[in-house]
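In what follows, a structure is listed as C-alpha cells, so that the remarks can point back to it.
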Amino acid sequence: MSSSRRFVVAINPQAAFGKHAHIGDAVTARLEAEGFSFTTVRGRDFHDARERVIAALTEHDALLVVGGDGMVSMAVNIVAETGIPFAVMPAGTGNDFARGLGMPVDNLHACLEFVVESLRSTPRAIDLARVRNVNEGAGERGMFYACVLSAGFDAFVNERANRMRFPRGRSRYTWAILLELIGLKAREYELTIDGVTRRERAVLISVANNRNMGGGMIIAPDASITDGLLDVFIVRPVSRLRLVRLLPRVFRGEHISEPEVHIERARRVALSSRGIVGYADGERVASLPLDVEVVPGAAQLLVAD
C-alpha cells in the first residue's frame, strides 16, 4: 500500500563524485513500482536544485532527498519549522545522518526497503541545531543542521577535504586527517555553554545533534535527535601520535572514556576563536564566533521504526 502523500524526490547525480548516480534511478523505479505519487527534481547545481525543490513543494506534501549529507543539509534548511515531512535515501560519501538513523548505508537493496517503509510511516518530530554568525545578530534565521558542527581540527579537515579532488570517496576524509595532523596544535577558545563562559584550550570542539560525522565517526555516541539537547564534544591538547591512536576508537564510539575527551550537554553554545571556519554537516558556515542552539521538534522526519 503506497502513501497518499505527494513527494518531491530531489536527486543529486553528483553525490559521491557521481559514483552513486545510479541510485537515483533505482529509487524512482522502486517508488513507481510501489505506486507512490512523486515528481523528480534534478538541479544543474546545488542552488538550482534548491530553488526547484522549493517551487515543487508548493504542490507536494513531502520531500525525499537522494544524496549525501549535503542534500540532507539542503532538505532541513528547506523544511525546518514548516511541518513538511522529509526522508533520506543515502547516496553520498559520508551519509552520516543516515548512519545516525541506523540505515544500512552500504546495502542498496536494504536501503530501498528501509526508505519505502519510511515513506509510509507517520512523521516523527526531530530536533535540529541552528547556527548563527554572531556578527550577524540574533535576527538572522541562521543555518540549520542535523548532525554536527565542526569548529577545530575537524573543521580544518573538512576545509581540506572539500578542496581535494583525489582520492574520491570516504578515503578523501582519511587523507585530509593525515595531512592536517602535520600542523596539529591546540587552539584557545572562549566557550559559553548555557550562559556560562569559560576559556578552553583544545584541538577539537564539535557541537553534535546526532551521533556521526566524517563518514562514520561516532563522536557523540549518546547524542539523540529527540532529546532537546546538544552534545558538546571536546578533545583537549594531545600529541599527533596520541590523536592518531584515538581515531580508530572514534569510529567505534569507544573514545569517550579517554582523559583528553570531554562531552557535556547543552541547549545553547557560543564558540569564539581566531582563524577557524565552522562547518555544519560538511557545509561551510562562517568564521567563528558562532552561536548554536537546539530547536526541539524543528523538523518532521519520515523514518522506519
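Numbering starts fresh at 1 for the residues of each chain in the C-alpha cells, the chains themselves are lettered A, B, ... in the order given, and ligands are numbered from 1 as they appear.
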
As a PDB file with C-alpha atoms, in the first residue's frame, please: the residues near Ala55 in chain A (cut-off 12 Å, only C-alpha atoms, same-chain neighbours under 5 positions excluded).
```pdb
ATOM      1  CA  VAL A   8       9.222  15.705  -4.309  1.00  0.00           C
ATOM      2  CA  ALA A  10      15.329  15.524  -5.082  1.00  0.00           C
ATOM      3  CA  THR A  39       7.858  14.429  -9.004  1.00  0.00           C
ATOM      4  CA  VAL A  41      13.887  17.136  -9.316  1.00  0.00           C
ATOM      5  CA  ASP A  48      19.272  25.378  -8.861  1.00  0.00           C
ATOM      6  CA  ALA A  49      18.200  22.155  -7.126  1.00  0.00           C
ATOM      7  CA  ARG A  50      17.214  24.073  -4.010  1.00  0.00           C
ATOM      8  CA  HIS A  60       3.510  18.473  -2.957  1.00  0.00           C
ATOM      9  CA  LEU A  63      10.332  15.596   0.388  1.00  0.00           C
ATOM     10  CA  ILE A  78      14.011  23.978   3.384  1.00  0.00           C
TER      11      ILE A  78
END
```

Contacts of Val294 in chain A at 7 Å (only C-alpha atoms; same-chain gap of 4+ positions) as JSON, numbers by chain: {"A": [127, 128, 129, 130, 228, 229, 230, 267, 268]}

Take the residues that were just selected and, keeping C-alpha atoms, output them as a compact mmCIF listing (two decimals), in the first residue's frame.
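Ended up saving to again.txt:
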```
# COMPACT_ATOMS: atom_id res chain seq x y z
CA ASP A 127 15.49 18.33 16.77
CA LEU A 128 17.70 20.45 14.58
CA ALA A 129 20.54 22.74 15.58
CA ARG A 130 20.53 26.33 14.40
CA GLY A 228 16.18 18.59 23.09
CA LEU A 229 19.92 18.81 23.82
CA LEU A 230 23.23 19.23 22.03
CA ARG A 267 20.79 23.81 24.85
CA ARG A 268 22.88 26.71 23.60
```

- Item | Residue contacts of Leu64 in chain A (6 Å, only C-alpha atoms) excluding same-chain residues fewer than 5 positions away, as JSON, numbers by chain | {"A": [9, 86, 87, 88]}

Using only C-alpha atoms, the residue out of A:Gly275, A:Gly35, A:Gly24, A:Gly282 with shortest distance to Thr93 in chain A is A:Gly282

Which one of A:Val261, A:Ile225, A:Met213, A:Leu179 sits closest to Asp96 in chain A if you count only C-alpha atoms?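 Residue with the minimum atom-to-atom distance to Asp96 in chain A: A:Met213.
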
* Asked: Quick one: residues within 12 Å of Phe7 in chain A, only C-alpha atoms counted, chain neighbours fewer than 2 positions away excluded, as an MDAnalysis selection string?
  -> chainID A and resid 2:5 9:10 28 31:32 35:41 53 56:65 84:87 119:120 302

Output N, CA and C atoms for every residue in that selection, as an mmCIF file, in the first residue's frame.
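File written: again_22.cif
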```cif
data_model
loop_
_atom_site.group_PDB
_atom_site.id
_atom_site.type_symbol
_atom_site.label_atom_id
_atom_site.label_comp_id
_atom_site.auth_asym_id
_atom_site.auth_seq_id
_atom_site.Cartn_x
_atom_site.Cartn_y
_atom_site.Cartn_z
ATOM 1 N N SER A 2 0.701 2.133 -0.992
ATOM 2 C CA SER A 2 1.529 3.330 -1.084
ATOM 3 C C SER A 2 0.995 4.411 -0.171
ATOM 4 N N SER A 3 1.814 5.426 0.083
ATOM 5 C CA SER A 3 1.383 6.560 0.880
ATOM 6 C C SER A 3 0.497 7.468 0.036
ATOM 7 N N SER A 4 -0.420 8.194 0.679
ATOM 8 C CA SER A 4 -1.253 9.158 -0.039
ATOM 9 C C SER A 4 -0.523 10.485 -0.239
ATOM 10 N N ARG A 5 0.668 10.599 0.336
ATOM 11 C CA ARG A 5 1.429 11.842 0.169
ATOM 12 C C ARG A 5 1.945 11.975 -1.263
ATOM 13 N N VAL A 9 10.987 14.211 -5.091
ATOM 14 C CA VAL A 9 12.190 13.388 -4.960
ATOM 15 C C VAL A 9 13.357 14.173 -5.544
ATOM 16 N N ALA A 10 14.189 14.693 -4.671
ATOM 17 C CA ALA A 10 15.329 15.524 -5.082
ATOM 18 C C ALA A 10 16.571 14.657 -5.170
ATOM 19 N N THR A 28 13.624 5.953 -8.027
ATOM 20 C CA THR A 28 12.408 6.322 -8.758
ATOM 21 C C THR A 28 11.716 5.093 -9.343
ATOM 22 N N LEU A 31 9.843 3.476 -6.408
ATOM 23 C CA LEU A 31 8.672 4.243 -5.992
ATOM 24 C C LEU A 31 7.537 4.105 -7.000
ATOM 25 N N GLU A 32 7.899 4.080 -8.280
ATOM 26 C CA GLU A 32 6.905 3.890 -9.333
ATOM 27 C C GLU A 32 6.239 2.523 -9.182
ATOM 28 N N GLY A 35 3.751 2.431 -6.443
ATOM 29 C CA GLY A 35 2.557 3.255 -6.609
ATOM 30 C C GLY A 35 2.591 4.602 -5.919
ATOM 31 N N PHE A 36 3.769 5.085 -5.549
ATOM 32 C CA PHE A 36 3.877 6.399 -4.920
ATOM 33 C C PHE A 36 3.653 7.512 -5.947
ATOM 34 N N SER A 37 3.091 8.605 -5.485
ATOM 35 C CA SER A 37 2.921 9.801 -6.310
ATOM 36 C C SER A 37 4.111 10.724 -6.057
ATOM 37 N N PHE A 38 4.855 11.039 -7.115
ATOM 38 C CA PHE A 38 6.051 11.854 -6.898
ATOM 39 C C PHE A 38 6.457 12.604 -8.156
ATOM 40 N N THR A 39 7.227 13.664 -7.932
ATOM 41 C CA THR A 39 7.858 14.429 -9.004
ATOM 42 C C THR A 39 9.352 14.443 -8.739
ATOM 43 N N THR A 40 10.134 14.176 -9.747
ATOM 44 C CA THR A 40 11.590 14.122 -9.604
ATOM 45 C C THR A 40 12.214 15.477 -9.934
ATOM 46 N N VAL A 41 13.153 15.893 -9.100
ATOM 47 C CA VAL A 41 13.887 17.136 -9.316
ATOM 48 C C VAL A 41 15.377 16.832 -9.376
ATOM 49 N N VAL A 53 13.293 22.557 -5.792
ATOM 50 C CA VAL A 53 12.611 21.831 -4.723
ATOM 51 C C VAL A 53 11.602 22.734 -4.024
ATOM 52 N N ALA A 56 8.619 23.140 -6.220
ATOM 53 C CA ALA A 56 7.828 21.914 -6.335
ATOM 54 C C ALA A 56 7.030 21.633 -5.071
ATOM 55 N N LEU A 57 7.556 22.016 -3.918
ATOM 56 C CA LEU A 57 6.875 21.733 -2.657
ATOM 57 C C LEU A 57 5.607 22.560 -2.472
ATOM 58 N N THR A 58 5.390 23.565 -3.309
ATOM 59 C CA THR A 58 4.124 24.298 -3.228
ATOM 60 C C THR A 58 2.960 23.432 -3.694
ATOM 61 N N GLU A 59 3.257 22.361 -4.427
ATOM 62 C CA GLU A 59 2.205 21.478 -4.937
ATOM 63 C C GLU A 59 2.371 20.040 -4.450
ATOM 64 N N HIS A 60 3.270 19.813 -3.488
ATOM 65 C CA HIS A 60 3.510 18.473 -2.957
ATOM 66 C C HIS A 60 3.523 18.515 -1.433
ATOM 67 N N ASP A 61 3.446 17.334 -0.826
ATOM 68 C CA ASP A 61 3.275 17.248 0.625
ATOM 69 C C ASP A 61 4.540 16.898 1.397
ATOM 70 N N ALA A 62 5.531 16.307 0.727
ATOM 71 C CA ALA A 62 6.688 15.763 1.445
ATOM 72 C C ALA A 62 7.904 15.738 0.517
ATOM 73 N N LEU A 63 9.065 15.544 1.128
ATOM 74 C CA LEU A 63 10.332 15.596 0.388
ATOM 75 C C LEU A 63 11.159 14.349 0.678
ATOM 76 N N LEU A 64 11.705 13.761 -0.378
ATOM 77 C CA LEU A 64 12.693 12.688 -0.256
ATOM 78 C C LEU A 64 13.952 13.155 -0.958
ATOM 79 N N VAL A 65 15.063 13.191 -0.230
ATOM 80 C CA VAL A 65 16.324 13.579 -0.865
ATOM 81 C C VAL A 65 17.182 12.344 -1.071
ATOM 82 N N ILE A 84 6.603 20.322 6.893
ATOM 83 C CA ILE A 84 6.704 19.438 5.731
ATOM 84 C C ILE A 84 7.611 18.265 6.084
ATOM 85 N N PRO A 85 7.142 17.032 6.009
ATOM 86 C CA PRO A 85 7.990 15.891 6.365
ATOM 87 C C PRO A 85 9.008 15.582 5.271
ATOM 88 N N PHE A 86 10.141 15.019 5.701
ATOM 89 C CA PHE A 86 11.178 14.637 4.744
ATOM 90 C C PHE A 86 11.745 13.274 5.092
ATOM 91 N N ALA A 87 12.350 12.658 4.076
ATOM 92 C CA ALA A 87 13.021 11.368 4.243
ATOM 93 C C ALA A 87 14.322 11.412 3.455
ATOM 94 N N LEU A 119 8.652 6.023 3.943
ATOM 95 C CA LEU A 119 7.708 6.904 3.262
ATOM 96 C C LEU A 119 6.260 6.605 3.636
ATOM 97 N N ARG A 120 6.014 5.405 4.134
ATOM 98 C CA ARG A 120 4.657 5.035 4.565
ATOM 99 C C ARG A 120 4.425 5.291 6.052
ATOM 100 N N LEU A 302 10.398 11.329 8.181
ATOM 101 C CA LEU A 302 9.789 10.043 7.831
ATOM 102 C C LEU A 302 10.875 8.983 7.933
#
```

Need to verify the contact set: Ser239 in chain A, 10 Å, only C-alpha atoms, exclusion of same-chain residues closer than 5 positions in sequence. Can you return it as a PyMOL selection string? chain A and resi 181+184-186+203+244-245

Nearest to Glu81 in chain A, restricted to only C-alpha atoms and choosing among A:Leu241, A:Val232, A:Thr226, A:Val295, comes out as A:Val295
